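J.: If it helps, the file is called protein-v1.cif and holds mmCIF, C-alpha atoms:
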```cif
data_input
#
loop_
_atom_site.label_atom_id
_atom_site.label_comp_id
_atom_site.auth_asym_id
_atom_site.auth_seq_id
_atom_site.Cartn_x
_atom_site.Cartn_y
_atom_site.Cartn_z
CA MET A 1 21.22 -20.21 9.12
CA THR A 2 24.33 -20.73 7.04
CA LEU A 3 25.67 -18.95 4.00
CA THR A 4 26.56 -20.95 0.93
CA ALA A 5 29.17 -19.98 -1.64
CA LYS A 6 26.27 -19.01 -3.91
CA ASP A 7 24.91 -16.64 -1.19
CA VAL A 8 28.31 -14.99 -0.79
CA ALA A 9 28.64 -14.63 -4.58
CA GLU A 10 25.21 -12.95 -4.72
CA ILE A 11 26.12 -10.59 -1.86
CA THR A 12 29.33 -9.69 -3.67
CA ARG A 13 27.45 -9.12 -6.94
CA LEU A 14 24.96 -6.81 -5.21
CA LEU A 15 27.79 -4.86 -3.58
CA GLU A 16 29.63 -4.49 -6.89
CA ALA A 17 26.47 -3.29 -8.63
CA SER A 18 25.81 -0.70 -5.90
CA GLU A 19 27.49 2.55 -4.96
CA PHE A 20 28.43 1.18 -1.54
CA ASP A 21 32.07 0.29 -0.77
CA GLU A 22 31.59 -2.25 1.99
CA LEU A 23 29.10 -4.52 3.72
CA THR A 24 29.19 -6.30 7.06
CA LEU A 25 26.69 -9.07 7.74
CA GLU A 26 26.31 -11.08 10.97
CA LEU A 27 24.21 -14.26 11.14
CA ASP A 28 24.19 -16.74 14.01
CA GLY A 29 27.77 -16.08 15.06
CA LEU A 30 29.08 -15.86 11.47
CA LYS A 31 30.45 -12.46 10.46
CA LEU A 32 31.01 -11.63 6.80
CA SER A 33 32.73 -8.38 5.80
CA VAL A 34 32.99 -7.52 2.12
CA ARG A 35 34.90 -4.44 0.98
CA ARG A 36 35.93 -3.14 -2.41
CA ASN A 37 39.69 -2.68 -2.97
CA GLY A 38 40.85 0.61 -1.51
CA ALA A 39 37.45 1.37 0.01
CA ALA A 40 37.40 4.08 2.63
CA GLY A 41 35.86 3.28 5.99
CA GLU A 42 32.52 4.70 7.13
CA GLU A 43 34.22 7.66 8.74
CA MET A 44 35.45 8.79 5.32
CA ARG A 45 32.02 8.77 3.67
CA PRO A 46 29.67 11.75 3.78
CA PRO A 47 26.73 11.00 6.12
CA ALA A 48 24.24 11.06 3.22
CA GLN A 49 25.98 8.07 1.63
CA ARG A 50 26.11 5.84 4.71
CA PRO A 51 23.70 2.89 4.71
CA VAL A 52 21.01 3.13 7.36
CA GLY A 53 19.37 0.27 9.20
CA PRO A 54 18.88 -3.40 8.39
CA PRO A 55 16.38 -4.65 5.82
CA ALA A 56 12.88 -5.37 7.11
CA HIS A 57 10.30 -7.85 5.82
CA ASP A 58 7.93 -4.94 5.28
CA ALA A 59 10.35 -2.40 3.93
CA SER A 60 7.94 0.50 4.42
CA ALA A 61 8.81 0.56 8.13
CA ALA A 62 12.46 1.34 7.33
CA ALA A 63 11.74 3.64 4.39
CA PRO A 64 13.27 7.08 4.32
CA ALA A 65 10.68 9.83 4.56
CA PRO A 66 9.39 10.69 1.09
CA ALA A 67 10.71 14.02 -0.16
CA PRO A 68 8.10 16.63 -1.16
CA VAL A 69 8.79 18.31 -4.49
CA ALA A 70 7.11 21.52 -5.61
CA GLY A 71 5.19 21.04 -8.82
CA ALA A 72 3.58 23.28 -11.42
CA ALA A 73 0.59 25.46 -10.51
CA GLY A 74 1.00 24.86 -6.77
CA THR A 75 0.59 21.09 -6.94
CA SER A 76 2.91 19.06 -4.77
CA THR A 77 4.56 15.77 -5.58
CA GLN A 78 6.27 13.39 -3.23
CA ASP A 79 8.99 10.88 -4.04
CA VAL A 80 8.67 7.36 -2.67
CA ALA A 81 12.25 6.25 -2.00
CA ALA A 82 13.74 2.77 -1.89
CA PRO A 83 13.98 1.71 1.77
CA LEU A 84 16.88 -0.67 1.04
CA LEU A 85 19.25 -1.88 -1.64
CA GLY A 86 18.03 -4.72 -3.85
CA THR A 87 16.26 -5.67 -7.05
CA PHE A 88 13.01 -3.75 -7.61
CA TYR A 89 9.99 -5.53 -9.06
CA ARG A 90 6.79 -3.74 -10.09
CA ALA A 91 4.64 -6.92 -10.10
CA PRO A 92 4.09 -9.70 -7.55
CA LYS A 93 5.40 -12.34 -10.00
CA PRO A 94 6.62 -12.54 -13.61
CA GLY A 95 3.80 -11.98 -16.10
CA ALA A 96 1.43 -10.54 -13.47
CA PRO A 97 0.09 -7.00 -13.82
CA PRO A 98 2.12 -4.37 -11.95
CA PHE A 99 1.02 -3.19 -8.51
CA ILE A 100 0.64 0.38 -9.86
CA ASP A 101 0.90 2.31 -13.11
CA ILE A 102 1.07 5.99 -13.96
CA GLY A 103 -2.35 7.39 -13.06
CA SER A 104 -2.97 4.86 -10.27
CA VAL A 105 -4.49 6.29 -7.11
CA VAL A 106 -2.55 5.24 -4.00
CA GLU A 107 -3.08 5.38 -0.25
CA GLU A 108 -0.37 5.24 2.42
CA GLN A 109 -0.63 1.42 2.67
CA THR A 110 -0.80 0.73 -1.09
CA ILE A 111 1.94 -1.68 -2.20
CA ILE A 112 3.90 -0.06 -5.03
CA GLY A 113 6.46 -2.81 -5.56
CA ILE A 114 8.80 -5.39 -4.10
CA ILE A 115 12.52 -5.21 -3.40
CA GLU A 116 14.34 -8.54 -3.37
CA VAL A 117 17.36 -8.92 -1.11
CA MET A 118 19.02 -12.36 -0.92
CA LYS A 119 15.85 -14.19 -1.99
CA LEU A 120 13.77 -12.28 0.58
CA MET A 121 10.91 -10.27 -0.92
CA ASN A 122 10.26 -6.96 0.86
CA THR A 123 7.03 -5.10 0.08
CA VAL A 124 7.29 -1.35 -0.44
CA ARG A 125 4.29 0.81 0.40
CA ALA A 126 3.49 4.27 -0.97
CA GLY A 127 3.46 6.08 2.38
CA VAL A 128 1.50 8.93 0.77
CA ARG A 129 -1.99 9.55 -0.68
CA GLY A 130 -2.36 10.71 -4.24
CA THR A 131 -1.90 9.82 -7.89
CA VAL A 132 1.19 8.21 -9.43
CA VAL A 133 2.71 10.63 -11.97
CA GLU A 134 6.06 8.96 -12.65
CA ILE A 135 7.80 5.61 -12.09
CA PRO A 136 11.55 6.26 -12.53
CA ALA A 137 12.62 2.83 -11.21
CA HIS A 138 12.70 0.08 -13.84
CA ASP A 139 11.37 -3.41 -13.25
CA GLY A 140 14.00 -6.03 -12.41
CA VAL A 141 16.80 -3.49 -11.90
CA LEU A 142 19.00 -2.98 -8.84
CA VAL A 143 17.97 0.09 -6.80
CA GLU A 144 19.96 1.91 -4.13
CA TYR A 145 18.77 2.93 -0.68
CA GLY A 146 17.02 6.31 -1.01
CA GLN A 147 16.63 6.11 -4.82
CA THR A 148 13.26 7.39 -6.08
CA LEU A 149 11.00 4.50 -7.07
CA VAL A 150 7.75 6.38 -7.69
CA ARG A 151 6.63 10.01 -7.76
CA VAL A 152 3.13 10.77 -6.45
CA ARG A 153 1.08 13.96 -6.85
CA LYS A 154 -0.26 14.45 -3.35
CA GLY A 155 -3.96 14.77 -2.82
CA PRO A 156 -7.01 12.91 -1.60
CA ALA A 157 -7.53 9.49 -3.10
CA ALA A 158 -10.55 9.30 -5.38
#
```
Could you take the file, read its structure, and then write that structure out as structure tokens?
T.:
Amino acid sequence: MTLTAKDVAEITRLLEASEFDELTLELDGLKLSVRRNGAAGEEMRPPAQRPVGPPAHDASAAAPAPAPVAGAAGTSTQDVAAPLLGTFYRAPKPGAPPFIDIGSVVEEQTIIGIIEVMKLMNTVRAGVRGTVVEIPAHDGVLVEYGQTLVRVRKGPAA
């Protein structure tokens, strides 16, 4: 696999649009390191801001554990976080209905969206059972690793 100038430009655009300061990519003996001017090395970043793991085709395998959030009247909600940096899409293709909406009942394996990274579409699964109560991530917008995509009120699926 080779990288074209267009690929490098897209990688640079994604880095600039993110909160990350640098990226290192290795493909078939080619090593590309991109760093913002004056960026501190990994050792200077707090551990919570360091990128974790490579992207996966099924991003749910690399997803950070959803964070439980205490809700009103003893109900519990859980955030479904972005497992990687990329462009979030709520539907499988333009014009198609979204995978989920507020009020949708989800299971652990329910696809809630897609994150595109360098033309590779990565499915994101709920990882929790319950009902979707909020979708803070906007369609077609760059999301960061760990950013909340969907909030689910935990409970048995109907």
J.: Can you tell me how far CA of Thr12 in chain A sits from CA of Ser33 in chain A, in Å to one decimal?
T.: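 CA of Ser33 in chain A lies 10.1 Å from CA of Thr12 in chain A.
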J.: Name every residue that the PyMOL selection byres ((chain A and resi 91) around 9) selects in this structure, writing the answer as a list of chain:residue names with chains first and numbers rising.
T.: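 Checked against the file, the PyMOL selection byres ((chain A and resi 91) around 9) matches A:Tyr89, A:Arg90, A:Pro92, A:Lys93, A:Pro94, A:Gly95, A:Ala96, A:Pro97, A:Pro98, A:Phe99, A:Ile100, A:Ile112, A:Gly113, A:Ile114, A:Asp139.
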J.: Suppose a student applies the PyMOL selection byres ((chain A and resi 34) around 8) to this structure; what residues should they get, written as a list in words?
T.: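 So the PyMOL selection byres ((chain A and resi 34) around 8), applied here, picks out Thr12, Glu22, Leu23, Thr24, Leu32, Ser33, Arg35 and Arg36 of chain A.
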J.: Quick one, how far is CA of Ile11 in chain A from CA of Val150 in chain A?
T.: 25.7 Å
J.: Which residue gives the smallest distance to Leu149 in chain A among A:Ser18, A:Gln109, A:Ser76, A:Thr87, with all atoms listed in the file counted?
T.: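 Ranked by minimum distance to Leu149 in chain A, first place goes to A:Thr87.
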J.: Got a sec to resolve the PyMOL selection byres ((chain A and resi 117) around 12) on this structure and send the residues as a ChimeraX atom specification?
T.: /A:7,10-11,13-15,54-57,59,83-89,114-116,118-123,142-145
J.: Between CA of Val124 in chain A and CA of Ile111 in chain A, measure the distance and give it in Å to one decimal.
T.: 5.6 Å
